[in-house]
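Q: Dropping a structure here in structure tokens format, bear with me for questions.
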Amino acid sequence: MESTALPPQGAPIRKRRTRRLRLIAALPIAALVLSGCTLPKFGAVAGDTSTSRSVFHLWQWFSVAAVIIGGFTFALILWAAFRYRRKSDSAIPRQVQYHLPAEVMYTIIPILVIVGLFAATLVVENKEVSNPKTSVNVNVLAFQWGWKFTYPGSYALVYGQTTQSPEMVIPAGENVHINLRSSDVIHGFYVHDFNFSRFAQPGVLNQFTFNASKTGTFFGQCTQLCGLYHSLMFFKVKVVTPAAYQTWLNSFNTPAGIAAYKAANNASTQQTSTHVKSKPTYSKGAH
Ligand SMILES: [Cu+2]
């Protein structure tokens with residue numbers, strides 16, 4: 001019965017359909033190739049550090065994979081719905097089960113996809129958490145509700161709270177090692193243009209390394225609800241040339257700079273201490 005229902009030209013029609021399906025599947029890939037290296041951003045920020053760009057590219061390729069897999073799945077759903085829709089004169093179609101090649105394929109392909117995503121994530125994450133040796137170190141202390149930046153081996157000290165937005169100065173094109181701590185509760189160190197966020201936790205030292213690719217001033221803020229003025233807990237990251245950074249550091253190595261450092265350190269230590277109930281008003285240190 002079934003074989004007589006097929007028209008004699010059934011095979012060529014099937015061939016044409018397969019060709020059309022292949023063409024549809026190849027379209028997103030062709031679009032990607034034709035667009036060169038300019039992949040869409042998919043709503044993300046490219047970032048101004050070497051690691052943030054790796055994260056960004058990972059996000060781009062994840063999105064491309066999602067578009068291809070989603071498009072393919074959607075096309076299959078449409079194909080099945082239209083190709084096998086009920087026709088007015090049709091009886092119950094031929095019932096099939098245990099199509100081994102199809103079952104193996106839809107088990108192995110998702111596993112391969114997941115392994116691929118996992119491996120790519122691992123490579124980028126390892127880069128993100130690696131701490132290559134560097135001579136540029138900054139100690140960052142988060143407190144309710146501000147930030148204190150000190151530079152080991154130097155008298156440079158910057159601190160401020162809420163909208164005073166203290167400015168962390170770092171050199172461009174160099175690895176900058178950050179030691180992040182909190183003096184009271186959990187805070188979030190977040191720089192939007194660096195695609196980066198990390199908790200500042202009391203009693204825990206979090207370390208990471210930036211390599212900012214261009215000079216400029218970038219906005220940062222606390223991203224962990226930490227109390228009354230959390231929403232105003234801002235800071236800035238000022239990226240300058242290595243020479244300008246050195247000049248800036250050296251400017252603190254004067255008798256006046258050292259005295260100012262000591263005074264600012266005292267004031268900020270009081271301010272960032274959890275034992276001080278009413279925090280003194282802000283007084284800017286050596287900067
Ligand atoms: Cu906060």
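Chain labels follow the order of the structure tokens: the first chain is A, the next B, and so on; residue numbering restarts at 1 in every chain, and ligands are counted from 1 in their shown order.
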Write out as number ranges by chain all residues of stretch 81-276 of chain A that backbone DSSP assigns to strand (DSSP E).
A: A: 136-143, 146-150, 157-161, 167-171, 175-182, 187-191, 196-200, 206-211, 216-222, 234-240
Q: Hey, could you make a per-residue contact list for chain A against ligand 1 with 12 Å as the cut-off, showing the nearest pair of atoms and its distance in Å to one decimal, counting only C-alpha atoms and all ligand atoms, sorted by chain and number, as a Markdown table?
A:
```
| residue | atom | partner | partner_atom_place_in_ligand_line | distance |
| --- | --- | --- | --- | --- |
| A:Ala142 | CA | ligand 1 | 1 (Cu) | 8.7 |
| A:Phe143 | CA | ligand 1 | 1 (Cu) | 8.5 |
| A:Gln144 | CA | ligand 1 | 1 (Cu) | 7.3 |
| A:Trp145 | CA | ligand 1 | 1 (Cu) | 6.8 |
| A:Gly146 | CA | ligand 1 | 1 (Cu) | 8.5 |
| A:Trp147 | CA | ligand 1 | 1 (Cu) | 10.4 |
| A:Gln161 | CA | ligand 1 | 1 (Cu) | 11.1 |
| A:Thr162 | CA | ligand 1 | 1 (Cu) | 9.7 |
| A:Ser182 | CA | ligand 1 | 1 (Cu) | 10.8 |
| A:Asp184 | CA | ligand 1 | 1 (Cu) | 11.0 |
| A:Val185 | CA | ligand 1 | 1 (Cu) | 8.7 |
| A:Ile186 | CA | ligand 1 | 1 (Cu) | 7.5 |
| A:His187 | CA | ligand 1 | 1 (Cu) | 4.9 |
| A:Gly188 | CA | ligand 1 | 1 (Cu) | 6.2 |
| A:Phe189 | CA | ligand 1 | 1 (Cu) | 8.6 |
| A:Tyr190 | CA | ligand 1 | 1 (Cu) | 10.2 |
| A:Arg198 | CA | ligand 1 | 1 (Cu) | 11.9 |
| A:Phe199 | CA | ligand 1 | 1 (Cu) | 10.0 |
| A:Ala200 | CA | ligand 1 | 1 (Cu) | 9.7 |
| A:Gln201 | CA | ligand 1 | 1 (Cu) | 11.4 |
| A:Gly220 | CA | ligand 1 | 1 (Cu) | 11.4 |
| A:Gln221 | CA | ligand 1 | 1 (Cu) | 7.7 |
| A:Cys222 | CA | ligand 1 | 1 (Cu) | 4.4 |
| A:Thr223 | CA | ligand 1 | 1 (Cu) | 5.6 |
| A:Gln224 | CA | ligand 1 | 1 (Cu) | 4.6 |
| A:Leu225 | CA | ligand 1 | 1 (Cu) | 4.6 |
| A:Cys226 | CA | ligand 1 | 1 (Cu) | 4.1 |
| A:Gly227 | CA | ligand 1 | 1 (Cu) | 6.6 |
| A:Leu228 | CA | ligand 1 | 1 (Cu) | 8.7 |
| A:Tyr229 | CA | ligand 1 | 1 (Cu) | 7.4 |
| A:His230 | CA | ligand 1 | 1 (Cu) | 3.9 |
| A:Ser231 | CA | ligand 1 | 1 (Cu) | 6.6 |
| A:Leu232 | CA | ligand 1 | 1 (Cu) | 8.0 |
| A:Met233 | CA | ligand 1 | 1 (Cu) | 6.0 |
| A:Phe234 | CA | ligand 1 | 1 (Cu) | 8.9 |
| A:Phe235 | CA | ligand 1 | 1 (Cu) | 11.5 |
```
Q: Counting only C-alpha atoms, give me one row per residue of stretch 79-145 of chain A with an atom at most 8 Å from an atom of stretch 48-54 of chain A, showing the shortest contact pair and its distance in Å to one decimal, sorted by chain then residue number, as a tab-separated table.
A:
```
residue	atom	partner	partner_atom	distance
A:Val124	CA	A:Ser54	CA	6.2
A:Lys127	CA	A:Thr51	CA	6.7
A:Glu128	CA	A:Thr51	CA	5.7
```
Q: Report the distance between atom CA of A:Glu125 and atom CA of A:Asn179 in Å, rounded to one decimal place.
A: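 For atom CA of A:Glu125 relative to atom CA of A:Asn179, the distance reads 18.5 Å.
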Q: Among stretch 29-241 of chain A, which residues does DSSP mark as alpha helix (DSSP H) when it is run on the backbone? Keep the chain and numbering as in the structure and answer as JSON, numbers by chain.
A: {"A": [29, 30, 31, 32, 33, 34, 50, 51, 52, 53, 54, 55, 56, 57, 58, 59, 60, 61, 62, 63, 64, 65, 66, 67, 68, 69, 70, 71, 72, 73, 74, 75, 76, 77, 78, 79, 80, 81, 82, 83, 100, 101, 102, 103, 104, 105, 106, 107, 108, 109, 110, 111, 112, 113, 114, 115, 116, 117, 118, 119, 120, 121, 122, 123, 124, 125, 126, 127, 128, 129]}
Q: Tell me which of A:Phe56, A:Asn211, A:Val45, A:Tyr155 sits closest to A:Ile258, counting only C-alpha atoms.
A: A:Tyr155
Q: When you count only C-alpha atoms, which of these residues is closest to A:Ser63: A:Pro166, A:Pro40, A:Pro101, A:Gly47?
A: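 That would be A:Pro40, the residue with the smallest distance to A:Ser63.
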Q: Residues within 9 Å of A:Val176, please, as a PDB file with N, CA and C atoms, in the first residue's frame. Count only C-alpha atoms; anything in the same chain fewer than 3 positions from it doesn't count.
A:
```pdb
ATOM      1  N   THR A 134      54.460  40.323  38.395  1.00  0.00           N
ATOM      2  CA  THR A 134      54.504  41.710  37.970  1.00  0.00           C
ATOM      3  C   THR A 134      55.051  42.576  39.097  1.00  0.00           C
ATOM      4  N   SER A 135      55.535  43.745  38.727  1.00  0.00           N
ATOM      5  CA  SER A 135      56.064  44.650  39.754  1.00  0.00           C
ATOM      6  C   SER A 135      55.021  45.677  40.176  1.00  0.00           C
ATOM      7  N   VAL A 136      53.866  45.660  39.501  1.00  0.00           N
ATOM      8  CA  VAL A 136      52.818  46.638  39.848  1.00  0.00           C
ATOM      9  C   VAL A 136      51.773  45.958  40.732  1.00  0.00           C
ATOM     10  N   ASN A 137      51.728  46.391  41.976  1.00  0.00           N
ATOM     11  CA  ASN A 137      50.774  45.807  42.925  1.00  0.00           C
ATOM     12  C   ASN A 137      49.926  46.900  43.546  1.00  0.00           C
ATOM     13  N   VAL A 138      48.655  46.607  43.717  1.00  0.00           N
ATOM     14  CA  VAL A 138      47.768  47.572  44.382  1.00  0.00           C
ATOM     15  C   VAL A 138      46.953  46.816  45.428  1.00  0.00           C
ATOM     16  N   ILE A 170      46.535  53.185  37.605  1.00  0.00           N
ATOM     17  CA  ILE A 170      47.332  52.030  37.162  1.00  0.00           C
ATOM     18  C   ILE A 170      47.944  52.312  35.778  1.00  0.00           C
ATOM     19  N   PRO A 171      49.046  51.620  35.461  1.00  0.00           N
ATOM     20  CA  PRO A 171      49.663  51.846  34.144  1.00  0.00           C
ATOM     21  C   PRO A 171      48.987  50.994  33.056  1.00  0.00           C
ATOM     22  N   ALA A 172      48.988  51.512  31.839  1.00  0.00           N
ATOM     23  CA  ALA A 172      48.417  50.759  30.705  1.00  0.00           C
ATOM     24  C   ALA A 172      49.438  49.752  30.190  1.00  0.00           C
ATOM     25  N   PHE A 208      43.767  39.122  41.840  1.00  0.00           N
ATOM     26  CA  PHE A 208      43.575  39.000  40.393  1.00  0.00           C
ATOM     27  C   PHE A 208      44.489  39.991  39.692  1.00  0.00           C
ATOM     28  N   THR A 209      44.573  39.848  38.383  1.00  0.00           N
ATOM     29  CA  THR A 209      45.503  40.676  37.615  1.00  0.00           C
ATOM     30  C   THR A 209      44.790  41.292  36.415  1.00  0.00           C
ATOM     31  N   PHE A 210      44.988  42.573  36.268  1.00  0.00           N
ATOM     32  CA  PHE A 210      44.473  43.305  35.109  1.00  0.00           C
ATOM     33  C   PHE A 210      45.609  43.599  34.151  1.00  0.00           C
ATOM     34  N   ASN A 211      45.271  43.729  32.876  1.00  0.00           N
ATOM     35  CA  ASN A 211      46.225  44.337  31.942  1.00  0.00           C
ATOM     36  C   ASN A 211      45.403  45.266  31.063  1.00  0.00           C
ATOM     37  N   ALA A 212      45.337  46.517  31.464  1.00  0.00           N
ATOM     38  CA  ALA A 212      44.487  47.479  30.756  1.00  0.00           C
ATOM     39  C   ALA A 212      45.134  47.853  29.433  1.00  0.00           C
TER      40      ALA A 212
END
```
